[in-house]
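Text of target09.cif (mmCIF, C-alpha atoms) as supplied:
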```
data_start
loop_
_atom_site.group_PDB
_atom_site.id
_atom_site.type_symbol
_atom_site.label_atom_id
_atom_site.label_comp_id
_atom_site.auth_asym_id
_atom_site.auth_seq_id
_atom_site.Cartn_x
_atom_site.Cartn_y
_atom_site.Cartn_z
ATOM 1 C CA MET A 28 76.025 155.273 92.848
ATOM 2 C CA ILE A 29 75.632 158.494 90.882
ATOM 3 C CA ASP A 30 73.284 156.722 88.469
ATOM 4 C CA TRP A 31 71.059 155.676 91.336
ATOM 5 C CA ILE A 32 71.018 159.149 92.828
ATOM 6 C CA LYS A 33 69.913 160.600 89.485
ATOM 7 C CA GLU A 34 66.874 158.337 89.377
ATOM 8 C CA PRO A 35 63.688 159.636 91.042
ATOM 9 C CA TRP A 36 63.840 158.848 94.757
ATOM 10 C CA PRO A 37 61.015 156.564 95.870
ATOM 11 C CA TRP A 38 58.630 157.928 98.498
ATOM 12 C CA TYR A 39 59.999 155.621 101.192
ATOM 13 C CA VAL A 40 63.410 157.233 100.777
ATOM 14 C CA SER A 41 62.423 160.871 100.204
ATOM 15 C CA GLY A 42 59.543 161.001 102.719
ATOM 16 C CA PRO A 43 61.627 159.896 105.725
ATOM 17 C CA LEU A 44 64.435 162.278 104.673
ATOM 18 C CA ILE A 45 61.928 165.153 104.663
ATOM 19 C CA GLY A 46 60.811 164.028 108.133
ATOM 20 C CA LEU A 47 64.419 164.167 109.381
ATOM 21 C CA SER A 48 64.547 167.893 108.639
ATOM 22 C CA ILE A 49 62.371 168.353 111.753
ATOM 23 C CA PRO A 50 64.885 167.051 114.328
ATOM 24 C CA PHE A 51 67.761 168.575 112.330
ATOM 25 C CA LEU A 52 66.352 172.114 112.559
ATOM 26 C CA LEU A 53 65.405 171.659 116.209
ATOM 27 C CA ILE A 54 68.838 170.393 117.194
ATOM 28 C CA VAL A 55 70.924 172.907 115.259
ATOM 29 C CA GLY A 56 68.959 175.955 116.347
ATOM 30 C CA ASN A 57 65.642 175.129 118.031
ATOM 31 C CA LYS A 58 63.849 176.108 114.811
ATOM 32 C CA MET A 59 60.564 174.739 113.603
ATOM 33 C CA LEU A 60 60.129 173.686 110.008
ATOM 34 C CA GLY A 61 57.859 176.078 108.116
ATOM 35 C CA ILE A 62 58.317 177.572 104.680
ATOM 36 C CA SER A 63 55.384 179.906 104.054
ATOM 37 C CA SER A 64 56.659 182.144 106.896
ATOM 38 C CA SER A 65 59.404 183.213 104.511
ATOM 39 C CA LEU A 66 56.722 184.957 102.420
ATOM 40 C CA ARG A 67 55.609 186.954 105.467
ATOM 41 C CA HIS A 68 59.194 187.847 106.396
ATOM 42 C CA THR A 69 59.834 189.021 102.842
ATOM 43 C CA CYS A 70 56.728 191.225 102.950
ATOM 44 C CA ALA A 71 57.793 192.562 106.349
ATOM 45 C CA ALA A 72 61.261 193.310 104.987
ATOM 46 C CA ILE A 73 60.326 195.031 101.743
ATOM 47 C CA LEU A 74 56.829 196.486 102.152
ATOM 48 C CA PRO A 75 55.601 196.600 105.765
ATOM 49 C CA ALA A 76 53.502 199.717 104.943
ATOM 50 C CA GLY A 77 52.588 200.197 108.588
ATOM 51 C CA ILE A 78 50.526 196.983 108.663
ATOM 52 C CA PRO A 79 50.572 195.650 112.240
ATOM 53 C CA PHE A 80 50.914 192.013 111.081
ATOM 54 C CA LEU A 81 54.047 192.969 109.142
ATOM 55 C CA LYS A 82 55.604 195.083 111.907
ATOM 56 C CA TYR A 83 57.874 192.756 113.838
ATOM 57 C CA ASN A 84 61.555 191.998 113.998
ATOM 58 C CA TRP A 85 61.781 189.924 110.815
ATOM 59 C CA LYS A 86 65.562 190.036 111.037
ATOM 60 C CA ALA A 87 65.310 187.609 113.952
ATOM 61 C CA GLU A 88 63.832 185.158 111.421
ATOM 62 C CA THR A 89 66.592 185.525 108.854
ATOM 63 C CA TRP A 90 67.361 181.819 109.225
ATOM 64 C CA ASN A 91 64.006 181.083 107.567
ATOM 65 C CA LEU A 92 64.882 183.207 104.534
ATOM 66 C CA ILE A 93 68.294 181.530 104.321
ATOM 67 C CA PHE A 94 66.564 178.141 104.497
ATOM 68 C CA ALA A 95 64.290 179.215 101.605
ATOM 69 C CA LEU A 96 67.351 180.315 99.630
ATOM 70 C CA GLY A 97 68.831 176.889 100.307
ATOM 71 C CA ILE A 98 65.707 175.234 98.864
ATOM 72 C CA LEU A 99 66.255 177.260 95.706
ATOM 73 C CA ILE A 100 69.859 176.031 95.485
ATOM 74 C CA GLY A 101 68.659 172.495 96.224
ATOM 75 C CA GLY A 102 66.200 172.816 93.367
ATOM 76 C CA PHE A 103 69.080 173.718 91.077
ATOM 77 C CA VAL A 104 71.137 170.738 92.207
ATOM 78 C CA GLY A 105 68.244 168.269 92.231
ATOM 79 C CA GLY A 106 66.674 169.521 89.037
ATOM 80 C CA ASN A 107 69.863 169.762 86.959
ATOM 81 C CA LEU A 108 72.997 168.109 88.347
ATOM 82 C CA LEU A 109 71.141 165.131 89.827
ATOM 83 C CA ASN A 110 68.501 164.835 87.125
ATOM 84 C CA ASN A 111 68.451 162.104 84.487
ATOM 85 C CA GLY A 112 66.038 164.144 82.365
ATOM 86 C CA GLU A 113 63.386 161.435 82.146
ATOM 87 C CA PRO A 114 59.733 162.522 82.263
ATOM 88 C CA ILE A 115 57.978 161.956 85.594
ATOM 89 C CA LYS A 116 56.362 158.545 85.658
ATOM 90 C CA ILE A 117 52.865 159.414 86.749
ATOM 91 C CA SER A 118 50.120 156.832 86.458
ATOM 92 C CA GLU A 119 48.355 156.276 83.135
ATOM 93 C CA LYS A 120 45.055 157.380 84.663
ATOM 94 C CA ALA A 121 46.584 160.666 85.765
ATOM 95 C CA LYS A 122 48.008 161.137 82.271
ATOM 96 C CA THR A 123 44.584 160.652 80.697
ATOM 97 C CA ASP A 124 42.979 163.117 83.122
ATOM 98 C CA ILE A 125 45.702 165.714 82.591
ATOM 99 C CA GLN A 126 45.313 165.407 78.814
ATOM 100 C CA LYS A 127 41.657 166.324 79.296
ATOM 101 C CA LEU A 128 42.933 169.708 80.512
ATOM 102 C CA GLY A 129 44.651 170.167 77.169
ATOM 103 C CA ILE A 130 48.122 169.371 78.493
ATOM 104 C CA ASN A 131 50.011 166.854 76.374
ATOM 105 C CA ASN A 132 53.670 167.568 77.082
ATOM 106 C CA PHE A 133 54.793 165.399 80.003
ATOM 107 C CA GLU A 134 58.479 166.376 79.888
ATOM 108 C CA GLY A 135 60.050 168.159 82.844
ATOM 109 C CA LEU A 136 58.833 168.832 86.371
ATOM 110 C CA VAL A 137 55.987 171.093 85.250
ATOM 111 C CA PRO A 138 54.082 171.263 81.945
ATOM 112 C CA GLU A 139 55.830 173.548 79.507
ATOM 113 C CA GLU A 140 52.432 174.408 78.016
ATOM 114 C CA LEU A 141 51.527 176.204 81.232
ATOM 115 C CA PHE A 142 54.831 177.432 82.627
ATOM 116 C CA ASN A 143 56.103 179.605 79.794
ATOM 117 C CA TRP A 144 56.355 183.389 79.613
ATOM 118 C CA GLU A 145 53.718 183.766 76.925
ATOM 119 C CA THR A 146 51.138 181.915 79.039
ATOM 120 C CA VAL A 147 52.141 183.681 82.265
ATOM 121 C CA PHE A 148 51.208 187.019 80.713
ATOM 122 C CA SER A 149 47.928 185.807 79.225
ATOM 123 C CA LEU A 150 44.450 185.459 80.724
ATOM 124 C CA LYS A 151 45.101 181.725 81.147
ATOM 125 C CA GLY A 152 48.273 182.401 83.108
ATOM 126 C CA LEU A 153 46.471 185.004 85.188
ATOM 127 C CA LEU A 154 43.677 182.599 86.111
ATOM 128 C CA ILE A 155 45.939 179.629 86.793
ATOM 129 C CA LEU A 156 49.421 180.739 87.832
ATOM 130 C CA VAL A 157 48.920 184.252 89.193
ATOM 131 C CA LEU A 158 45.646 183.420 90.950
ATOM 132 C CA GLY A 159 47.118 180.116 92.143
ATOM 133 C CA GLY A 160 50.120 181.878 93.667
ATOM 134 C CA PHE A 161 47.909 184.514 95.264
ATOM 135 C CA LEU A 162 45.725 181.857 96.915
ATOM 136 C CA ILE A 163 48.843 180.037 98.169
ATOM 137 C CA GLY A 164 50.184 183.202 99.821
ATOM 138 C CA PHE A 165 46.846 184.421 101.166
ATOM 139 C CA GLY A 166 45.660 181.018 102.338
ATOM 140 C CA SER A 167 48.864 179.798 103.950
ATOM 141 C CA ARG A 168 49.185 182.886 106.108
ATOM 142 C CA TYR A 169 45.464 182.862 106.945
ATOM 143 C CA ALA A 170 45.779 179.190 107.932
ATOM 144 C CA GLY A 171 49.012 179.856 109.836
ATOM 145 C CA GLY A 172 51.149 177.534 107.737
ATOM 146 C CA CYS A 173 51.454 175.460 104.602
ATOM 147 C CA THR A 174 52.296 171.858 103.790
ATOM 148 C CA SER A 175 55.574 172.002 105.717
ATOM 149 C CA GLY A 176 54.429 173.867 108.832
ATOM 150 C CA HIS A 177 51.007 172.269 109.226
ATOM 151 C CA ALA A 178 51.124 168.898 107.441
ATOM 152 C CA ILE A 179 54.689 167.822 108.231
ATOM 153 C CA MET A 180 55.656 169.772 111.372
ATOM 154 C CA GLY A 181 52.166 170.221 112.828
ATOM 155 C CA LEU A 182 50.990 166.641 112.399
ATOM 156 C CA SER A 183 54.335 165.216 113.553
ATOM 157 C CA SER A 184 53.921 167.131 116.799
ATOM 158 C CA LEU A 185 50.267 166.016 117.109
ATOM 159 C CA GLN A 186 48.757 169.492 116.896
ATOM 160 C CA TRP A 187 45.052 169.181 116.289
ATOM 161 C CA PRO A 188 44.699 172.691 114.760
ATOM 162 C CA SER A 189 47.148 171.483 112.102
ATOM 163 C CA LEU A 190 44.988 168.435 111.445
ATOM 164 C CA ILE A 191 41.994 170.720 110.818
ATOM 165 C CA ALA A 192 44.122 172.890 108.519
ATOM 166 C CA VAL A 193 45.389 169.880 106.554
ATOM 167 C CA ILE A 194 41.871 168.462 106.171
ATOM 168 C CA PHE A 195 40.787 171.794 104.705
ATOM 169 C CA PHE A 196 43.908 171.942 102.485
ATOM 170 C CA PHE A 197 42.630 168.743 100.928
ATOM 171 C CA ILE A 198 38.997 169.842 100.745
ATOM 172 C CA GLY A 199 40.161 173.014 98.967
ATOM 173 C CA GLY A 200 42.455 171.033 96.689
ATOM 174 C CA LEU A 201 39.743 168.539 95.773
ATOM 175 C CA LEU A 202 37.192 171.290 95.075
ATOM 176 C CA MET A 203 39.710 173.020 92.836
ATOM 177 C CA THR A 204 40.872 169.884 91.012
ATOM 178 C CA HIS A 205 37.454 168.368 90.381
ATOM 179 C CA PHE A 206 35.120 171.360 90.041
ATOM 180 C CA ILE A 207 36.775 174.757 89.615
ATOM 181 C CA ALA A 208 39.939 174.016 87.608
ATOM 182 C CA PRO A 209 38.041 172.088 84.882
ATOM 183 C CA LEU A 210 35.888 175.199 84.390
ATOM 184 C CA ILE A 211 38.933 177.450 84.173
ATOM 185 C CA TYR A 212 40.681 175.140 81.672
ATOM 186 C CA SER A 213 37.483 174.857 79.604
ATOM 187 C CA LEU A 214 37.751 178.587 78.836
ATOM 188 C CA PHE A 215 40.877 178.023 76.742
ATOM 189 C CA MET B 11 78.515 180.816 110.216
ATOM 190 C CA LYS B 12 75.262 179.699 111.822
ATOM 191 C CA TYR B 13 73.456 180.720 108.649
ATOM 192 C CA LEU B 14 75.572 178.242 106.693
ATOM 193 C CA THR B 15 73.848 175.489 108.662
ATOM 194 C CA TYR B 16 70.443 176.702 107.494
ATOM 195 C CA LEU B 17 71.687 177.154 103.964
ATOM 196 C CA PHE B 18 72.887 173.554 104.063
ATOM 197 C CA ALA B 19 69.593 172.339 105.585
ATOM 198 C CA GLY B 20 67.592 174.231 102.957
ATOM 199 C CA THR B 21 69.764 172.903 100.149
ATOM 200 C CA MET B 22 69.293 169.324 101.308
ATOM 201 C CA PHE B 23 65.569 169.957 101.704
ATOM 202 C CA GLY B 24 65.385 171.361 98.180
ATOM 203 C CA ILE B 25 67.285 168.407 96.714
ATOM 204 C CA ILE B 26 64.992 165.949 98.497
ATOM 205 C CA LEU B 27 61.832 167.813 97.424
ATOM 206 C CA THR B 28 63.007 167.824 93.827
ATOM 207 C CA LYS B 29 64.184 164.217 93.725
ATOM 208 C CA SER B 30 60.992 163.038 95.446
ATOM 209 C CA GLU B 31 59.083 164.756 92.596
ATOM 210 C CA ALA B 32 56.924 166.519 95.202
ATOM 211 C CA VAL B 33 57.816 169.701 93.293
ATOM 212 C CA SER B 34 56.120 168.362 90.185
ATOM 213 C CA TRP B 35 52.846 169.852 88.977
ATOM 214 C CA PHE B 36 52.064 166.410 87.520
ATOM 215 C CA ARG B 37 52.420 164.692 90.896
ATOM 216 C CA ILE B 38 50.103 167.212 92.576
ATOM 217 C CA GLN B 39 47.432 166.701 89.911
ATOM 218 C CA GLU B 40 47.782 162.950 90.399
ATOM 219 C CA MET B 41 47.563 163.302 94.190
ATOM 220 C CA PHE B 42 44.324 165.282 94.163
ATOM 221 C CA ARG B 43 42.837 162.657 91.842
ATOM 222 C CA PHE B 44 43.920 159.771 94.108
ATOM 223 C CA GLU B 45 45.641 158.145 91.139
ATOM 224 C CA SER B 46 48.877 157.198 92.872
ATOM 225 C CA PHE B 47 50.106 156.545 96.393
ATOM 226 C CA HIS B 48 53.370 158.400 95.716
ATOM 227 C CA MET B 49 52.583 161.803 97.303
ATOM 228 C CA TYR B 50 50.664 160.237 100.169
ATOM 229 C CA GLY B 51 53.627 157.956 100.825
ATOM 230 C CA ILE B 52 55.959 160.965 100.992
ATOM 231 C CA ILE B 53 53.718 162.978 103.307
ATOM 232 C CA LEU B 54 52.799 160.073 105.594
ATOM 233 C CA SER B 55 56.333 158.710 105.940
ATOM 234 C CA ALA B 56 57.680 162.236 106.569
ATOM 235 C CA ILE B 57 55.106 162.684 109.346
ATOM 236 C CA LEU B 58 55.897 159.271 110.811
ATOM 237 C CA VAL B 59 59.650 159.943 110.911
ATOM 238 C CA GLY B 60 59.016 163.442 112.304
ATOM 239 C CA MET B 61 56.773 161.995 114.992
ATOM 240 C CA ILE B 62 59.297 159.339 116.032
ATOM 241 C CA SER B 63 62.119 161.919 116.038
ATOM 242 C CA LEU B 64 60.135 164.300 118.235
ATOM 243 C CA PHE B 65 59.304 161.444 120.597
ATOM 244 C CA ILE B 66 62.994 160.512 120.885
ATOM 245 C CA LEU B 67 64.024 164.148 121.378
ATOM 246 C CA LYS B 68 61.467 164.517 124.149
ATOM 247 C CA LYS B 69 62.295 161.255 125.928
ATOM 248 C CA SER B 70 66.052 161.759 125.773
ATOM 249 C CA GLY B 71 65.933 165.414 126.802
ATOM 250 C CA ILE B 72 68.484 166.305 124.115
ATOM 251 C CA LYS B 73 69.141 170.038 124.045
ATOM 252 C CA ALA B 74 69.620 172.205 120.998
ATOM 253 C CA LEU B 75 73.255 172.953 120.102
ATOM 254 C CA ASN B 76 72.893 176.456 121.584
ATOM 255 C CA GLY B 77 72.026 174.857 124.925
ATOM 256 C CA GLU B 78 68.333 175.690 124.799
ATOM 257 C CA GLU B 79 65.717 173.171 125.757
ATOM 258 C CA ILE B 80 63.827 171.913 122.701
ATOM 259 C CA ILE B 81 60.179 172.895 123.014
ATOM 260 C CA VAL B 82 57.573 172.688 120.265
ATOM 261 C CA PRO B 83 54.899 175.196 121.284
ATOM 262 C CA ASP B 84 51.249 174.214 120.908
ATOM 263 C CA LYS B 85 49.483 175.814 117.970
ATOM 264 C CA LYS B 86 46.326 177.656 118.954
ATOM 265 C CA PHE B 87 43.259 176.925 116.884
ATOM 266 C CA ASN B 88 41.420 179.681 115.089
ATOM 267 C CA LYS B 89 38.992 179.605 112.179
ATOM 268 C CA GLY B 90 41.802 180.609 109.857
ATOM 269 C CA ALA B 91 42.706 176.918 109.744
ATOM 270 C CA ILE B 92 39.363 176.357 107.996
ATOM 271 C CA TYR B 93 39.049 179.410 105.716
ATOM 272 C CA GLY B 94 42.747 179.788 105.087
ATOM 273 C CA GLY B 95 43.095 176.031 104.711
ATOM 274 C CA LEU B 96 40.448 175.955 101.988
ATOM 275 C CA ILE B 97 42.036 178.892 100.169
ATOM 276 C CA PHE B 98 45.537 177.448 100.407
ATOM 277 C CA GLY B 99 44.345 174.058 99.191
ATOM 278 C CA MET B 100 42.769 175.671 96.147
ATOM 279 C CA GLY B 101 45.990 177.499 95.364
ATOM 280 C CA TRP B 102 48.011 174.314 95.846
ATOM 281 C CA ALA B 103 45.860 172.409 93.356
ATOM 282 C CA LEU B 104 45.538 175.290 90.881
ATOM 283 C CA SER B 105 49.228 176.142 90.596
ATOM 284 C CA GLY B 106 50.360 172.584 91.345
ATOM 285 C CA ALA B 107 52.824 173.723 93.977
ATOM 286 C CA CYS B 108 53.159 174.890 97.565
ATOM 287 C CA PRO B 109 55.775 177.319 98.913
ATOM 288 C CA GLY B 110 58.747 174.911 99.233
ATOM 289 C CA PRO B 111 58.339 173.521 95.721
ATOM 290 C CA LEU B 112 57.939 177.055 94.332
ATOM 291 C CA TYR B 113 61.456 177.943 95.496
ATOM 292 C CA ALA B 114 62.836 174.602 94.328
ATOM 293 C CA LEU B 115 61.212 174.938 90.895
ATOM 294 C CA LEU B 116 62.643 178.417 90.426
ATOM 295 C CA GLY B 117 66.065 177.057 91.355
ATOM 296 C CA SER B 118 65.671 174.152 88.950
ATOM 297 C CA GLY B 119 65.284 176.684 86.140
ATOM 298 C CA VAL B 120 61.515 177.024 85.659
ATOM 299 C CA MET B 121 61.747 180.814 85.475
ATOM 300 C CA PRO B 122 58.019 181.654 85.072
ATOM 301 C CA VAL B 123 57.557 180.328 88.627
ATOM 302 C CA PHE B 124 59.036 183.659 89.696
ATOM 303 C CA VAL B 125 55.656 185.203 88.837
ATOM 304 C CA VAL B 126 53.858 182.617 90.997
ATOM 305 C CA ILE B 127 56.172 183.503 93.904
ATOM 306 C CA LEU B 128 55.498 187.211 93.378
ATOM 307 C CA SER B 129 51.763 186.604 93.467
ATOM 308 C CA ALA B 130 52.177 184.458 96.595
ATOM 309 C CA LEU B 131 53.959 187.432 98.176
ATOM 310 C CA ALA B 132 51.084 189.646 97.039
ATOM 311 C CA GLY B 133 48.605 187.195 98.584
ATOM 312 C CA THR B 134 50.505 187.234 101.872
ATOM 313 C CA TRP B 135 50.593 191.019 101.854
ATOM 314 C CA VAL B 136 46.887 191.368 101.067
ATOM 315 C CA TYR B 137 46.038 188.900 103.838
ATOM 316 C CA SER B 138 48.179 190.913 106.258
ATOM 317 C CA PHE B 139 46.354 194.087 105.222
ATOM 318 C CA PHE B 140 42.844 192.663 105.648
ATOM 319 C CA ARG B 141 43.686 190.467 108.638
ATOM 320 C CA PRO B 142 41.857 192.596 111.246
ATOM 321 C CA ARG B 143 38.650 192.389 109.189
ATOM 322 C CA LEU B 144 38.733 188.656 108.459
ATOM 323 C CA PRO B 145 37.044 186.048 110.658
ATOM 324 C CA HIS B 146 39.533 184.155 112.814
#
```
Exercise: express the given structure as structure tokens:
Amino acid sequence: MIDWIKEPWPWYVSGPLIGLSIPFLLIVGNKMLGISSSLRHTCAAILPAGIPFLKYNWKAETWNLIFALGILIGGFVGGNLLNNGEPIKISEKAKTDIQKLGINNFEGLVPEELFNWETVFSLKGLLILVLGGFLIGFGSRYAGGCTSGHAIMGLSSLQWPSLIAVIFFFIGGLLMTHFIAPLIYSLF
Amino acid sequence: MKYLTYLFAGTMFGIILTKSEAVSWFRIQEMFRFESFHMYGIILSAILVGMISLFILKKSGIKALNGEEIIVPDKKFNKGAIYGGLIFGMGWALSGACPGPLYALLGSGVMPVFVVILSALAGTWVYSFFRPRLPH
């Protein structure tokens, strides 16, 4: 049993489990799944600076911050206690394409060549990780949600604005992956 | 006490995200290159199960545990879905993560992700600041 649980979970197990978080949150507290909101609540809590969009009763949304904290704990459990330490089995084609970016270490959940302190504080880290994070925060709030709120929750509840958002998530992601990111990586 | 429920829900969510490998930078690169069905399988099956669950909740009239009626409000469209969607998608592909996976990765011990989370907070703050001047 424990051996099985330490293996990667196939999409037809993990996807439906993610989907079940929707009825779970609705039943236990009438809450809607959405993770990027936690970024807004954190801004509202620590640096509202008189900005109207950050002036609201964020304390009423504490559950969302607690949920985010839970994800962090879940990452610890899933990434350590329930991890067999094998590299992620991505397709050979993906491997070849990723190597073209100069990334050759396929151990772990993320490439060590990118996610290390030396890189974070270099121009490369600034253009990939810091800029990437900034776009995630800026874009998700501008769009009114991220993968969880729009793609999972929004599409499950047949919201057409979410469909538009998700289509543009993918257009943005494809533009970045195929045109912009190769230019950024070619600088280093 | 009620917060323990959300802590539990978040923890389960984080475990599932991690074990599904949706938190992996490698999987996101693969997804945006259409080189595996894995991520699409996760997203599509999650939506399908969510959809069926919402249908059952609606048909059965089940109430939330606090007695409230379960209502999923309609999202109103604005152009932010387009501009913000494009920007978010670029960030997703560039950093190889979205907000849930960022928290899970930090928890799993990838400490430099803390900087990505800080810049996501900065992005949220800057959006909030410029919001009145941006097209919506």
Open item on the list: Residue by residue, what does the PyMOL selection byres ((chain B and resi 136) around 12) grab here? Present the result as a ChimeraX atom specification.
Closed with: /A:66-67,70,74-76,78,80-81,161-166,168-169 /B:129-135,137-144
Subject >> Using only C-alpha atoms: which of B:Ile25, B:Ile92, B:Ile52, B:Ile57 has the shortest distance to Tyr39 (chain A) >> reply: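 Ranked by minimum distance to Tyr39 (chain A), first place goes to B:Ile52.
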Exercise. Near Gly90 (chain B), within 10 Å and counting all atoms listed in the file, which residues show up once chain neighbours fewer than 3 positions away are dropped, as a PyMOL selection string?
Worked result: (chain A and resi 166-171+188+191-192) or (chain B and resi 87+93-97+144-146)
Run the PyMOL selection byres ((chain A and resi 126-140) around 7) mentally over the shown coordinates, then write out the matched residues as a list in words, using the chain letters and numbers from the document.
Pro114, Ile115, Lys122, Thr123, Asp124, Ile125, Leu141, Phe142, Asn143, Pro209 and Tyr212 of chain A; Ser34, Trp35 and Phe36 of chain B
*Restricting the calculation to only C-alpha atoms, which member of A:Ser213, A:Ser175, A:Ser64, A:Ser183 is positioned closest to chain B?*
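Among the listed residues, the smallest separation from chain B belongs to A:Ser183.
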Applying 9 Å and only C-alpha atoms, which residues near Ser30 (chain B) remain after dropping the ones on its own chain fewer than 3 positions away? List them as a list in words.
Pro35, Trp36, Pro37, Trp38, Val40, Ser41 and Gly42 of chain A; Ile25, Ile26, Leu27, Val33, Ser34, His48, Met49 and Ile52 of chain B
How would you write, as a compact mmCIF listing (two decimals) with C-alpha atoms, in the frame of the given file, the residues chosen by the PyMOL selection byres ((chain B and resi 65) around 12) on this structure?
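Output below, filename out26.txt:
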```
# COMPACT_ATOMS: atom_id res chain seq x y z
CA ILE A 49 62.37 168.35 111.75
CA PRO A 50 64.89 167.05 114.33
CA SER A 183 54.34 165.22 113.55
CA SER A 184 53.92 167.13 116.80
CA LEU A 185 50.27 166.02 117.11
CA LEU B 58 55.90 159.27 110.81
CA VAL B 59 59.65 159.94 110.91
CA GLY B 60 59.02 163.44 112.30
CA MET B 61 56.77 162.00 114.99
CA ILE B 62 59.30 159.34 116.03
CA SER B 63 62.12 161.92 116.04
CA LEU B 64 60.14 164.30 118.24
CA ILE B 66 62.99 160.51 120.88
CA LEU B 67 64.02 164.15 121.38
CA LYS B 68 61.47 164.52 124.15
CA LYS B 69 62.30 161.26 125.93
CA SER B 70 66.05 161.76 125.77
CA GLY B 71 65.93 165.41 126.80
CA ILE B 72 68.48 166.30 124.12
CA ILE B 80 63.83 171.91 122.70
CA ILE B 81 60.18 172.90 123.01
CA VAL B 82 57.57 172.69 120.26
```
So that I can check the surroundings of Asn91 (chain A), please list as a tab-separated table (two decimals) with C-alpha atoms, keeping the file's coordinate frame every protein, DNA and RNA residue that reaches within 12 Å of it, counting only C-alpha atoms and ignoring chain neighbours fewer than 4 positions away.
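Everything below was put into part.tsv:
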```tsv
chain	number	residue	atom	x	y	z
A	52	LEU	CA	66.35	172.11	112.56
A	56	GLY	CA	68.96	175.96	116.35
A	58	LYS	CA	63.85	176.11	114.81
A	59	MET	CA	60.56	174.74	113.60
A	60	LEU	CA	60.13	173.69	110.01
A	61	GLY	CA	57.86	176.08	108.12
A	62	ILE	CA	58.32	177.57	104.68
A	63	SER	CA	55.38	179.91	104.05
A	64	SER	CA	56.66	182.14	106.90
A	65	SER	CA	59.40	183.21	104.51
A	66	LEU	CA	56.72	184.96	102.42
A	67	ARG	CA	55.61	186.95	105.47
A	68	HIS	CA	59.19	187.85	106.40
A	69	THR	CA	59.83	189.02	102.84
A	85	TRP	CA	61.78	189.92	110.82
A	86	LYS	CA	65.56	190.04	111.04
A	87	ALA	CA	65.31	187.61	113.95
A	95	ALA	CA	64.29	179.22	101.60
A	96	LEU	CA	67.35	180.32	99.63
A	97	GLY	CA	68.83	176.89	100.31
A	98	ILE	CA	65.71	175.23	98.86
B	13	TYR	CA	73.46	180.72	108.65
B	14	LEU	CA	75.57	178.24	106.69
B	15	THR	CA	73.85	175.49	108.66
B	16	TYR	CA	70.44	176.70	107.49
B	17	LEU	CA	71.69	177.15	103.96
B	19	ALA	CA	69.59	172.34	105.58
B	20	GLY	CA	67.59	174.23	102.96
B	110	GLY	CA	58.75	174.91	99.23
```
Students should find that CA of Ile207 (chain A) and CA of Ala91 (chain B) are spaced 21.1 Å
With all atoms listed in the file as the basis for distance, which of A:Leu153, A:Leu214, A:Leu190, A:Ile45 is at the shortest distance from chain B?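 Checking each of A:Leu153, A:Leu214, A:Leu190, A:Ile45 against chain B, counting all atoms listed in the file, the winner is A:Ile45.
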List as a PyMOL selection string the protein and nucleic acid residues near Lys85 (chain B), meaning an atom at most 9 Å away when all atoms listed in the file are counted, but skip any in the same chain fewer than 6 places from it. chain A and resi 181+186-189
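You will find CA of Pro43 (chain A) at 25.7 Å from CA of Glu78 (chain B).
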**Message:** Quick check, in Å to one decimal: how far apart do CA of Ile117 (chain A) and CA of Ala107 (chain B) lie?
**Reply:**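 That distance, rounded to one decimal, is 16.0 Å.
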Compile the contact shell of Trp102 (chain B) as a CSV table (one decimal) with C-alpha atoms, in the frame of the given file: residues with an atom at most 7 Å away, counting all atoms listed in the file, same-chain residues fewer than 3 positions apart removed.
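Result file is selection20.csv:
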```csv
chain,number,residue,atom,x,y,z
A,159,GLY,CA,47.1,180.1,92.1
A,163,ILE,CA,48.8,180.0,98.2
A,200,GLY,CA,42.5,171.0,96.7
B,98,PHE,CA,45.5,177.4,100.4
B,99,GLY,CA,44.3,174.1,99.2
B,105,SER,CA,49.2,176.1,90.6
B,106,GLY,CA,50.4,172.6,91.3
B,107,ALA,CA,52.8,173.7,94.0
B,108,CYS,CA,53.2,174.9,97.6
```
*With distances taken over all atoms listed in the file, which of B:Tyr50, B:Ile38, B:Phe124, B:Ala74 is nearest to chain A?*
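Result for the nearest residue to chain A: B:Ala74.
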Can you spit out region 25-30 of chain B with N, CA, C and O atoms, as a PDB file, in the first residue's frame, from the structure just given?
```pdb
ATOM      1  N   ILE B  25      -1.106  17.524  -1.166  1.00  0.00           N
ATOM      2  CA  ILE B  25      -0.578  16.172  -1.393  1.00  0.00           C
ATOM      3  C   ILE B  25      -0.948  15.714  -2.808  1.00  0.00           C
ATOM      4  O   ILE B  25      -0.110  15.197  -3.559  1.00  0.00           O
ATOM      5  N   ILE B  26      -2.208  15.941  -3.179  1.00  0.00           N
ATOM      6  CA  ILE B  26      -2.667  15.500  -4.502  1.00  0.00           C
ATOM      7  C   ILE B  26      -1.902  16.238  -5.607  1.00  0.00           C
ATOM      8  O   ILE B  26      -1.433  15.626  -6.575  1.00  0.00           O
ATOM      9  N   LEU B  27      -1.774  17.567  -5.440  1.00  0.00           N
ATOM     10  CA  LEU B  27      -1.040  18.354  -6.455  1.00  0.00           C
ATOM     11  C   LEU B  27       0.375  17.823  -6.625  1.00  0.00           C
ATOM     12  O   LEU B  27       0.871  17.682  -7.742  1.00  0.00           O
ATOM     13  N   THR B  28       1.015  17.523  -5.494  1.00  0.00           N
ATOM     14  CA  THR B  28       2.403  17.069  -5.552  1.00  0.00           C
ATOM     15  C   THR B  28       2.494  15.681  -6.172  1.00  0.00           C
ATOM     16  O   THR B  28       3.307  15.441  -7.068  1.00  0.00           O
ATOM     17  N   LYS B  29       1.633  14.772  -5.702  1.00  0.00           N
ATOM     18  CA  LYS B  29       1.702  13.397  -6.212  1.00  0.00           C
ATOM     19  C   LYS B  29       1.233  13.282  -7.664  1.00  0.00           C
ATOM     20  O   LYS B  29       1.616  12.359  -8.383  1.00  0.00           O
ATOM     21  N   SER B  30       0.419  14.238  -8.112  1.00  0.00           N
ATOM     22  CA  SER B  30      -0.012  14.231  -9.515  1.00  0.00           C
ATOM     23  C   SER B  30       1.111  14.741 -10.418  1.00  0.00           C
ATOM     24  O   SER B  30       1.024  14.606 -11.629  1.00  0.00           O
TER      25      SER B  30
END
```
